[in-house]
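Here is the file structure_18.txt (compact mmCIF, C-alpha atoms).
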# COMPACT_ATOMS: atom_id res chain seq x y z
CA MET A 1 0.00 0.00 0.00
CA THR A 2 1.41 3.38 -0.89
CA THR A 3 0.49 6.90 -0.02
CA PRO A 4 -1.41 8.47 -2.90
CA ALA A 5 -0.01 11.43 -4.73
CA ASN A 6 0.62 14.17 -2.24
CA ASP A 7 2.74 16.93 -3.70
CA GLY A 8 3.84 18.00 -0.21
CA ASN A 9 2.80 21.59 -0.84
CA TRP A 10 0.38 23.67 1.17
CA HIS A 11 -2.83 24.48 -0.66
CA ARG A 12 -5.56 27.03 -0.03
CA ALA A 13 -8.79 25.41 1.14
CA VAL A 14 -12.14 27.17 1.42
CA ILE A 15 -14.64 26.22 4.11
CA VAL A 16 -17.86 25.65 2.15
CA ARG A 17 -20.13 24.20 4.85
CA ILE A 18 -20.16 23.71 8.63
CA GLU A 19 -22.36 21.14 10.37
CA PRO A 20 -22.66 20.32 14.06
CA ARG A 21 -21.98 16.64 14.82
CA THR A 22 -22.22 16.60 18.61
CA PRO A 23 -22.15 19.39 21.22
CA GLY A 24 -18.34 19.17 21.11
CA MET A 25 -17.69 18.34 17.45
CA ARG A 26 -18.37 20.06 14.16
CA SER A 27 -17.73 19.06 10.58
CA TYR A 28 -15.96 21.51 8.28
CA PHE A 29 -16.35 20.77 4.57
CA LEU A 30 -13.45 22.03 2.46
CA HIS A 31 -12.89 22.67 -1.19
CA ALA A 32 -9.19 22.10 -1.76
CA PRO A 33 -7.06 20.90 -4.69
CA LEU A 34 -5.79 17.77 -2.94
CA ALA A 35 -5.31 14.28 -4.35
CA ARG A 36 -8.04 11.73 -3.62
CA HIS A 37 -7.49 10.27 -0.16
CA VAL A 38 -7.58 6.70 1.06
CA ALA A 39 -10.08 6.08 3.87
CA GLY A 40 -8.35 6.55 7.23
CA GLN A 41 -5.93 9.27 6.11
CA HIS A 42 -5.56 12.77 7.57
CA VAL A 43 -4.57 16.23 6.41
CA ASP A 44 -2.38 18.83 8.05
CA VAL A 45 -4.05 22.18 8.65
CA ARG A 46 -2.13 25.45 9.00
CA LEU A 47 -3.43 28.75 10.36
CA THR A 48 -1.49 31.99 10.03
CA ALA A 49 -1.67 35.04 12.31
CA PRO A 50 -1.27 38.59 10.91
CA ASP A 51 2.36 38.71 12.10
CA GLY A 52 3.23 35.49 10.29
CA TYR A 53 3.03 33.17 13.30
CA GLN A 54 1.66 29.78 12.21
CA ALA A 55 0.09 26.82 13.99
CA HIS A 56 -0.20 23.32 12.45
CA ARG A 57 -2.42 20.42 13.46
CA SER A 58 -3.40 17.08 11.90
CA TYR A 59 -7.09 16.19 11.43
CA SER A 60 -8.59 12.95 10.19
CA ILE A 61 -10.81 12.98 7.12
CA ALA A 62 -14.40 11.79 7.69
CA SER A 63 -15.64 11.93 4.09
CA ARG A 64 -15.43 8.98 1.76
CA PRO A 65 -12.68 8.96 -0.87
CA GLY A 66 -13.90 10.76 -3.96
CA ALA A 67 -16.57 12.80 -2.17
CA ALA A 68 -17.07 16.31 -3.54
CA GLY A 69 -15.59 18.04 -0.49
CA ILE A 70 -13.17 17.00 2.23
CA GLU A 71 -14.95 16.68 5.56
CA LEU A 72 -12.87 17.31 8.68
CA ALA A 73 -14.77 16.57 11.89
CA ILE A 74 -13.02 18.59 14.58
CA ALA A 75 -13.56 18.18 18.32
CA ALA A 76 -13.24 21.28 20.48
CA HIS A 77 -10.42 20.87 23.00
CA ASP A 78 -10.14 22.92 26.15
CA ASP A 79 -7.69 25.65 25.35
CA GLY A 80 -7.17 24.27 21.81
CA GLU A 81 -5.21 26.78 19.78
CA VAL A 82 -6.40 25.51 16.39
CA SER A 83 -9.61 23.65 17.31
CA GLY A 84 -10.59 26.79 19.24
CA TRP A 85 -10.31 28.85 16.05
CA PHE A 86 -12.48 26.36 14.18
CA HIS A 87 -15.18 26.34 16.85
CA ASP A 88 -15.16 30.03 17.81
CA VAL A 89 -14.20 31.86 14.62
CA ALA A 90 -14.41 29.76 11.44
CA ALA A 91 -17.26 30.57 9.04
CA VAL A 92 -18.23 29.54 5.55
CA GLY A 93 -15.94 31.30 3.09
CA ASP A 94 -12.89 31.32 5.36
CA VAL A 95 -9.63 30.23 3.76
CA ILE A 96 -7.08 27.99 5.48
CA ASP A 97 -3.97 26.10 4.33
CA VAL A 98 -4.01 22.31 4.03
CA ARG A 99 -1.48 19.67 3.05
CA GLY A 100 -2.04 16.01 2.32
CA PRO A 101 -3.63 13.53 2.27
CA LEU A 102 -1.20 11.92 4.71
CA GLY A 103 -0.75 8.55 6.40
CA GLY A 104 -0.06 5.19 4.81
CA HIS A 105 -0.78 2.66 7.54
CA PHE A 106 -4.11 3.41 9.21
CA VAL A 107 -5.93 3.13 5.88
CA TRP A 108 -8.46 0.82 4.22
CA ASP A 109 -8.45 0.81 0.43
CA GLY A 110 -10.91 -2.04 -0.07
CA SER A 111 -8.27 -4.47 -1.32
CA GLN A 112 -7.97 -6.25 2.02
CA ASP A 113 -10.14 -9.35 2.30
CA GLY A 114 -11.98 -10.60 5.32
CA PRO A 115 -14.24 -9.27 8.04
CA LEU A 116 -13.52 -5.71 9.10
CA LEU A 117 -13.76 -4.49 12.71
CA LEU A 118 -13.70 -0.74 13.49
CA VAL A 119 -13.47 0.28 17.16
CA ALA A 120 -13.58 3.95 18.19
CA GLY A 121 -13.35 5.82 21.45
CA GLY A 122 -14.98 9.26 21.36
CA ALA A 123 -13.68 11.48 18.55
CA GLY A 124 -11.65 8.49 17.28
CA ILE A 125 -14.67 7.65 15.17
CA VAL A 126 -13.70 10.22 12.50
CA PRO A 127 -11.26 8.20 10.33
CA LEU A 128 -13.41 5.10 10.88
CA VAL A 129 -16.43 6.94 9.45
CA SER A 130 -14.42 7.47 6.27
CA ILE A 131 -13.64 3.73 6.18
CA ALA A 132 -17.30 2.81 6.79
CA ARG A 133 -18.40 5.22 4.07
CA ALA A 134 -15.80 3.81 1.64
CA TRP A 135 -17.05 0.32 2.49
CA GLN A 136 -20.64 1.37 1.87
CA ALA A 137 -19.83 3.18 -1.38
CA ALA A 138 -17.96 0.14 -2.65
CA GLY A 139 -20.99 -2.07 -1.94
CA SER A 140 -18.48 -4.33 -0.24
CA ALA A 141 -19.58 -7.87 0.64
CA THR A 142 -16.96 -7.85 3.44
CA PRO A 143 -18.72 -8.11 6.81
CA LEU A 144 -18.29 -4.88 8.78
CA LEU A 145 -18.70 -4.18 12.49
CA VAL A 146 -18.41 -0.69 13.97
CA LEU A 147 -18.12 -0.45 17.74
CA HIS A 148 -18.23 3.10 19.12
CA SER A 149 -17.64 3.95 22.74
CA ALA A 150 -18.45 7.45 24.00
CA ARG A 151 -19.34 9.21 27.21
CA GLU A 152 -23.03 9.56 26.42
CA ALA A 153 -25.50 9.06 23.60
CA GLY A 154 -25.18 12.71 22.54
CA ALA A 155 -21.44 12.26 22.03
CA LEU A 156 -21.87 9.44 19.49
CA ALA A 157 -20.83 11.46 16.43
CA PHE A 158 -22.09 10.15 13.09
CA ARG A 159 -24.60 7.90 14.87
CA GLU A 160 -27.27 8.35 12.20
CA ALA A 161 -24.91 7.68 9.31
CA LEU A 162 -23.51 4.57 10.98
CA ALA A 163 -26.89 3.25 12.13
CA ALA A 164 -27.94 3.35 8.48
CA LEU A 165 -25.16 0.96 7.36
CA ASP A 166 -26.50 -1.70 5.03
CA GLU A 167 -26.17 -5.39 5.76
CA PRO A 168 -23.71 -7.02 6.25
CA GLY A 169 -22.72 -4.00 8.36
CA ARG A 170 -23.36 -3.72 12.06
CA TYR A 171 -23.15 -0.69 14.37
CA VAL A 172 -22.94 -1.13 18.14
CA THR A 173 -22.59 1.62 20.74
CA ALA A 174 -21.31 1.65 24.31
CA THR A 175 -21.97 4.70 26.48
CA THR A 176 -21.18 5.20 30.15
CA ARG A 177 -23.41 8.12 31.21
CA GLY A 178 -27.14 8.69 30.82
CA ALA A 179 -29.48 6.41 28.92
CA PRO A 180 -27.83 4.41 26.13
CA PRO A 181 -29.40 4.67 22.67
CA PRO A 182 -31.78 1.84 21.73
CA GLY A 183 -29.91 -1.45 21.51
CA GLY A 184 -26.68 0.09 22.84
CA PHE A 185 -24.65 -1.03 25.83
CA GLY A 186 -24.65 1.19 28.93
CA ARG A 187 -21.10 0.47 30.03
CA ARG A 188 -17.48 0.57 28.88
CA ILE A 189 -16.32 -1.99 26.35
CA ASP A 190 -15.00 -5.03 28.23
CA ALA A 191 -14.05 -8.60 27.35
CA ALA A 192 -17.57 -9.92 27.94
CA MET A 193 -19.12 -7.24 25.72
CA LEU A 194 -16.60 -7.91 22.96
CA ASP A 195 -17.31 -11.64 23.17
CA ALA A 196 -21.06 -11.06 22.94
CA VAL A 197 -20.79 -8.56 20.07
CA LEU A 198 -18.38 -10.67 18.01
CA GLU A 199 -20.45 -13.81 18.62
CA SER A 200 -23.63 -12.10 17.51
CA TRP A 201 -21.80 -10.71 14.47
CA GLY A 202 -20.61 -14.24 13.67
CA HIS A 203 -17.22 -13.35 12.17
CA VAL A 204 -13.57 -13.27 13.20
CA PRO A 205 -12.03 -9.93 12.22
CA ALA A 206 -9.33 -10.25 9.57
CA ALA A 207 -8.45 -6.59 10.00
CA SER A 208 -9.14 -4.37 13.02
CA TYR A 209 -8.79 -0.58 13.18
CA LEU A 210 -8.67 1.05 16.62
CA CYS A 211 -8.79 4.81 17.09
CA GLY A 212 -9.24 6.94 20.18
CA PRO A 213 -7.42 8.14 23.27
CA THR A 214 -4.23 6.23 24.09
CA ASP A 215 -5.56 4.35 27.11
CA PHE A 216 -8.68 3.31 25.19
CA VAL A 217 -6.66 2.04 22.22
CA GLU A 218 -4.24 0.18 24.51
CA ALA A 219 -7.14 -1.47 26.36
CA MET A 220 -8.90 -2.48 23.12
CA GLY A 221 -5.65 -3.78 21.62
CA LYS A 222 -5.10 -5.98 24.67
CA LEU A 223 -8.66 -7.34 24.48
CA LEU A 224 -8.23 -8.26 20.81
CA VAL A 225 -4.78 -9.80 21.29
CA ALA A 226 -6.23 -11.81 24.21
CA ARG A 227 -8.78 -13.20 21.73
CA ASP A 228 -5.83 -14.54 19.70
CA LEU A 229 -6.17 -12.03 16.88
CA PRO A 230 -2.72 -11.55 15.32
CA ALA A 231 -1.16 -8.24 16.42
CA ARG A 232 -0.30 -7.57 12.77
CA SER A 233 -4.01 -7.56 11.89
CA ILE A 234 -4.66 -4.69 14.33
CA ARG A 235 -3.97 -1.12 13.25
CA THR A 236 -4.04 1.71 15.73
CA GLU A 237 -4.24 5.47 15.71
CA ARG A 238 -4.30 7.48 18.90
CA PHE A 239 -4.61 11.00 20.14
CA GLY A 240 -4.29 12.86 23.42
CA MET B 1 -1.82 35.60 3.83
CA SER B 2 -3.18 35.39 7.35
CA THR B 3 -6.20 33.41 8.49
CA ARG B 4 -9.18 35.63 9.36
CA GLY B 5 -9.53 36.04 13.10
CA PHE B 6 -6.59 33.83 14.03
CA THR B 7 -4.20 35.36 16.51
CA GLY B 8 -2.71 32.13 17.88
CA ARG B 9 -1.20 31.41 21.20
CA ARG B 10 2.44 32.25 20.80
CA PRO B 11 4.87 30.44 22.99
CA GLY B 12 7.17 32.64 25.10
CA ALA B 13 10.59 33.46 23.66
CA ASP B 14 12.23 30.72 25.78
CA VAL B 15 9.87 28.09 24.36
CA ALA B 16 9.87 29.47 20.81
CA GLY B 17 13.64 29.15 20.60
CA ARG B 18 13.40 25.46 21.41
CA LEU B 19 10.60 24.67 18.95
CA PRO B 20 11.58 23.53 15.44
CA PRO B 21 9.42 25.02 12.65
CA GLY B 22 5.78 23.86 12.65
CA GLN B 23 5.99 22.30 16.14
CA TYR B 24 4.08 23.14 19.33
CA GLU B 25 4.89 22.24 22.93
CA THR B 26 2.87 19.56 24.70
CA ARG B 27 3.09 18.57 28.35
CA ASP B 28 1.52 15.17 27.59
CA PHE B 29 3.38 12.26 26.11
CA PRO B 30 1.23 11.20 23.14
CA VAL B 31 1.61 7.65 21.88
CA LEU B 32 1.90 6.78 18.21
CA SER B 33 2.41 3.25 16.97
CA LEU B 34 1.20 0.95 14.24
CA GLY B 35 -0.64 -1.51 16.44
CA PRO B 36 -0.98 -2.73 20.00
CA ALA B 37 2.16 -2.81 22.14
CA PRO B 38 3.74 -6.25 21.73
CA VAL B 39 4.02 -8.37 24.87
CA ILE B 40 7.73 -8.97 25.42
CA ASP B 41 8.94 -11.39 28.07
CA LEU B 42 12.29 -10.20 29.49
CA ALA B 43 13.40 -13.83 29.83
CA HIS B 44 13.26 -14.12 26.04
CA TRP B 45 14.29 -10.57 25.13
CA ARG B 46 17.39 -10.40 22.93
CA PHE B 47 19.16 -7.46 21.40
CA THR B 48 21.13 -8.35 18.28
CA LEU B 49 23.60 -6.37 16.24
CA ARG B 50 23.79 -7.63 12.66
CA HIS B 51 25.61 -6.99 9.42
CA GLY B 52 22.98 -7.88 6.85
CA ALA B 53 21.68 -11.28 7.94
CA ARG B 54 24.84 -12.12 9.91
CA PRO B 55 24.73 -11.64 13.71
CA LEU B 56 27.71 -9.68 15.07
CA ALA B 57 26.78 -9.65 18.76
CA SER B 58 23.78 -10.41 20.92
CA TRP B 59 22.74 -9.61 24.50
CA THR B 60 20.17 -11.10 26.84
CA TRP B 61 18.29 -8.66 29.10
CA GLU B 62 20.60 -9.53 31.98
CA GLN B 63 23.72 -9.00 29.86
CA PHE B 64 22.31 -5.74 28.52
CA GLN B 65 21.85 -4.45 32.09
CA ALA B 66 25.61 -4.86 32.66
CA LEU B 67 26.53 -2.45 29.84
CA PRO B 68 27.60 1.12 30.76
CA ARG B 69 24.59 3.38 31.30
CA THR B 70 24.13 6.99 30.28
CA ARG B 71 21.51 9.58 31.19
CA TRP B 72 20.22 12.18 28.76
CA GLN B 73 17.82 15.05 29.26
CA GLY B 74 16.38 17.18 26.49
CA ASP B 75 13.64 17.85 23.98
CA ILE B 76 11.94 15.42 21.60
CA HIS B 77 9.97 16.24 18.44
CA CYS B 78 7.25 14.18 16.76
CA VAL B 79 6.42 14.61 13.07
CA THR B 80 2.75 14.96 14.07
CA THR B 81 3.87 18.43 15.32
CA TRP B 82 4.17 18.00 19.08
CA SER B 83 7.42 18.61 20.93
CA LYS B 84 8.05 17.67 24.54
CA PHE B 85 10.71 19.44 26.55
CA ASP B 86 13.15 18.24 29.20
CA THR B 87 12.45 14.53 28.86
CA GLU B 88 14.74 12.28 30.93
CA TRP B 89 16.06 9.02 29.52
CA GLU B 90 18.56 6.41 30.58
CA GLY B 91 20.10 3.63 28.55
CA VAL B 92 23.12 2.42 26.63
CA THR B 93 24.70 4.69 24.02
CA ILE B 94 25.41 3.24 20.59
CA ASP B 95 29.10 4.03 21.17
CA ASP B 96 29.12 1.89 24.32
CA LEU B 97 27.21 -0.86 22.53
CA LEU B 98 29.71 -1.04 19.66
CA ARG B 99 32.57 -0.92 22.16
CA ALA B 100 31.05 -3.80 24.14
CA ALA B 101 30.62 -5.77 20.92
CA GLY B 102 34.28 -5.11 20.13
CA ILE B 103 33.59 -4.23 16.50
CA GLU B 104 34.19 -1.43 14.07
CA ALA B 105 31.11 -0.40 12.12
CA PRO B 106 31.16 -2.43 8.85
CA THR B 107 29.00 0.11 6.95
CA PRO B 108 27.82 3.71 7.59
CA TYR B 109 24.09 2.78 7.47
CA LEU B 110 21.80 1.11 9.97
CA LEU B 111 18.25 -0.16 10.11
CA ALA B 112 16.64 -0.23 13.56
CA GLN B 113 14.40 -3.28 13.87
CA SER B 114 11.53 -3.77 16.32
CA TYR B 115 9.56 -6.63 17.81
CA ASP B 116 6.42 -5.47 15.99
CA ASP B 117 8.30 -5.71 12.63
CA TYR B 118 8.60 -1.93 12.44
CA ASP B 119 11.89 -0.66 11.09
CA THR B 120 13.49 2.70 10.38
CA ASN B 121 16.80 3.77 8.84
CA VAL B 122 19.34 5.90 10.68
CA PRO B 123 22.88 6.58 9.45
CA LEU B 124 25.62 5.65 11.92
CA ALA B 125 26.74 9.29 11.98
CA GLU B 126 23.40 10.19 13.61
CA LEU B 127 23.78 7.49 16.26
CA ALA B 128 27.48 7.66 17.20
CA GLY B 129 29.24 10.35 19.19
CA GLY B 130 26.77 10.17 22.08
CA ARG B 131 23.85 11.28 19.89
CA ALA B 132 21.66 8.21 20.45
CA MET B 133 21.00 5.44 22.94
CA ILE B 134 18.97 2.31 23.47
CA ALA B 135 16.77 3.59 26.26
CA THR B 136 15.35 1.38 28.99
CA HIS B 137 14.19 4.12 31.40
CA PHE B 138 12.06 7.24 31.07
CA GLY B 139 11.70 9.77 33.89
CA GLY B 140 13.65 7.45 36.19
CA GLN B 141 11.25 4.52 35.68
CA PRO B 142 11.48 1.43 33.49
CA LEU B 143 10.09 2.27 30.07
CA THR B 144 6.43 1.22 29.82
CA ALA B 145 5.24 -0.95 26.93
CA GLU B 146 3.17 1.84 25.37
CA HIS B 147 6.23 4.06 25.15
CA GLY B 148 8.36 1.29 23.66
CA GLY B 149 9.56 -0.75 26.65
CA PRO B 150 11.45 -2.74 27.54
CA ALA B 151 13.91 -0.95 25.24
CA ARG B 152 13.60 1.59 22.45
CA LEU B 153 15.95 3.57 20.28
CA LEU B 154 16.33 7.23 21.28
CA VAL B 155 17.60 9.60 18.56
CA PRO B 156 16.31 12.86 20.01
CA HIS B 157 17.68 15.18 17.34
CA LEU B 158 15.59 13.50 14.61
CA TYR B 159 11.77 13.25 14.35
CA PHE B 160 10.61 10.67 16.83
CA TRP B 161 9.49 8.00 14.34
CA LYS B 162 13.25 7.29 14.03
CA SER B 163 13.31 6.38 17.74
CA ALA B 164 11.93 2.88 17.13
CA LYS B 165 9.95 1.33 19.98
CA TRP B 166 10.28 -2.30 21.18
CA LEU B 167 13.75 -2.49 19.69
CA LYS B 168 15.19 -5.94 19.02
CA GLY B 169 18.25 -5.01 17.04
CA LEU B 170 20.30 -2.82 14.77
CA LYS B 171 21.31 -4.03 11.34
CA PHE B 172 24.19 -2.58 9.33
CA THR B 173 23.17 -2.26 5.68
CA ALA B 174 25.28 -1.74 2.56
CA LYS B 175 23.21 1.30 1.56
CA ASP B 176 20.68 3.63 3.18
CA GLU B 177 17.55 1.43 3.11
CA ALA B 178 14.12 2.97 3.67
CA GLY B 179 12.20 1.66 6.69
CA PHE B 180 8.47 1.41 7.36
CA TRP B 181 7.48 5.08 7.26
CA GLU B 182 10.22 6.05 4.83
CA LEU B 183 8.60 3.64 2.34
CA ARG B 184 5.28 5.39 2.98
CA GLY B 185 6.22 8.91 2.06
CA TYR B 186 8.19 10.07 5.08
CA HIS B 187 11.64 11.62 4.84
CA MET B 188 14.77 9.44 4.74
CA HIS B 189 16.61 11.67 7.23
CA GLY B 190 13.98 13.48 9.32
CA ASP B 191 15.73 16.52 10.83
CA PRO B 192 13.05 18.60 12.63
CA TRP B 193 15.11 21.80 12.40
CA ARG B 194 15.10 21.49 8.60
CA GLU B 195 11.45 20.33 8.74
CA GLN B 196 12.20 17.11 6.83
CA ARG B 197 8.77 15.54 7.37
CA PHE B 198 7.91 14.05 3.99
CA SER B 199 9.96 12.73 1.10
CA SER B 200 8.94 15.82 -0.88
CA ASP B 201 10.58 18.09 1.71
CA GLU B 202 14.18 19.02 1.01
Mind converting the file's structure to structure tokens?
Amino acid sequence: MTTPANDGNWHRAVIVRIEPRTPGMRSYFLHAPLARHVAGQHVDVRLTAPDGYQAHRSYSIASRPGAAGIELAIAAHDDGEVSGWFHDVAAVGDVIDVRGPLGGHFVWDGSQDGPLLLVAGGAGIVPLVSIARAWQAAGSATPLLVLHSAREAGALAFREALAALDEPGRYVTATTRGAPPPGGFGRRIDAAMLDAVLESWGHVPAASYLCGPTDFVEAMGKLLVARDLPARSIRTERFG
Amino acid sequence: MSTRGFTGRRPGADVAGRLPPGQYETRDFPVLSLGPAPVIDLAHWRFTLRHGARPLASWTWEQFQALPRTRWQGDIHCVTTWSKFDTEWEGVTIDDLLRAAGIEAPTPYLLAQSYDDYDTNVPLAELAGGRAMIATHFGGQPLTAEHGGPARLLVPHLYFWKSAKWLKGLKFTAKDEAGFWELRGYHMHGDPWREQRFSSDE
């Protein structure tokens, strides 16, 4: 697998649409002259102050490869220098600099065979949404299971899009505060939950993608390795 | 051209002088790796120095503990744009390792190899002269698995993907061979002060 053409240069991107995803996350749709991405990749964003000072951050792409605009779903962080600008200032028509797409490991290009497991903690769902959308757009016969853990039902970003996955796709949620959404678990993901979910799904993952905070990804990785899944079949991406 | 309404949070002059271009300071220690941390039993841990496929020297964990130890404190820089200041490491310098092996470097190029099959290329010139170590301790404590324990490479003056976690050996190669990320678009050298992030950067 190779990284698609990325000329390495910064390009001007225009924010063409902004949509709330959860109380703490918004999607920013960009028009930018970037190469088509592979699901799971990210872009680097650069903001410039009037005196020339610049701040860079990396954001995962939520849109499917080939979609008309690039969707970045950005969570607001306390005191976030760049996410703060997006949430407090950014408006349709604003111009930012982007570079990418980037990342050649945490990607799904549809060529991998076998059941696909996507596990997200909180905002870690973003690159996995791109993978699920790529899977859906491809009409893939590969069984898909998306497991999303978040603090509460309202923090399950992209819940509607993921709940609408066609068979053979499955979408399972785990929330720890408040009432879980219909059919969802009301606790953290543990070994027993994973056993139950995988058994009901009826497949052994050939490829697993884990994304979320470090401690979440470590815990999920251990659970999967304890189920005798080869470590090489598990790809991780972490933040925080 | 500036971004409308962006003023930014400038670091103080003391911090700014220590930040390579495009980096920001974090107080956390973010974790980046390809997959779950491999489970490594110290009873079976081996560190092997090779020339191509040929082993030159090998250490068990116990033997490795007997090598001379060095402490280093300073700043580290990740290509994902975070930098962390004043990190404290302890381990065995590459100079001491080669001395213990009783060998002269057979080639000027090395590939660091990890237990999770990750690898990354680093020229000997970047490792020798006290510029790199095989670290077993961070902040005075044994290195945790998520940060690359029991032992990882530490090459603090290059982007941190060169500091391979879960290190199992160093291999001398006839030429500068690209490793895992270098094959996927990242820079062969990776100097943060020259902002050598991607292969398209100079």
Requested in this report: Find the residues of chain A in contact range of chain B, meaning any atom within 9 Å when counting all atoms listed in the file, and list them as a count of residues only.
Outcome: 55
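Across the structure, atom CA of Gln41 of chain A and atom CA of Phe158 of chain A are spaced 17.6 Å apart.
Take atom CA of Arg69 of chain B and atom CA of Gly91 of chain B: the distance between them is 5.3 Å.
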Query raised in the report: Skipping near chain neighbours, those fewer than 5 positions away, what residues fall within 9 Å of segment 128-130 of chain A using all atoms listed in the file, listed as a PyMOL selection string?
Result: chain A and resi 38-41+60-65+118-120+135+146+158+161-162+209-211
**Report entry** Residue contacts of Ala196 of chain A (12 Å, all atoms listed in the file) excluding same-chain residues fewer than 6 positions away, as a PyMOL selection string
**Finding:** chain A and resi 172+185+189-190+202-203
Query - Pairwise distance for atom CA of His31 of chain A and atom CA of Val16 of chain A, rounded to one decimal in Å - result: 6.7 Å
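Between Leu111 of chain B and the residues B:Gly169, B:Pro150, B:Gly130, B:Gly74, the shortest atom-to-atom distance, using all atoms listed in the file, involves B:Gly169.
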Requested in this report: Would you list the contacts of Val204 of chain A as a count of residues only, taking every protein, DNA or RNA residue within 10 Å and counting all atoms listed in the file, but skipping same-chain residues closer than 2 positions in sequence?
Outcome: 14
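Checking A:Thr22, A:Val197, A:Val107, A:Ile70 one by one against Arg159 of chain A, counting all atoms listed in the file, you find the shortest gap at A:Thr22.
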Centre and edge lengths of an axis-aligned box around all listed atoms of segment 110-126 of chain A, with 5 Å added on each side, are to be given in Å to one decimal, as JSON.
{"center_x": -11.5, "center_y": 0.4, "center_z": 10.1, "size_x": 17.0, "size_y": 32.1, "size_z": 32.8}
**Report entry** Long-range neighbours of Pro68 of chain B as an NGL selection string, 7 Å cut-off, all atoms listed in the file, 2 positions minimum in chain
**Finding:** :B and (66 or 70 or 92 or 96)
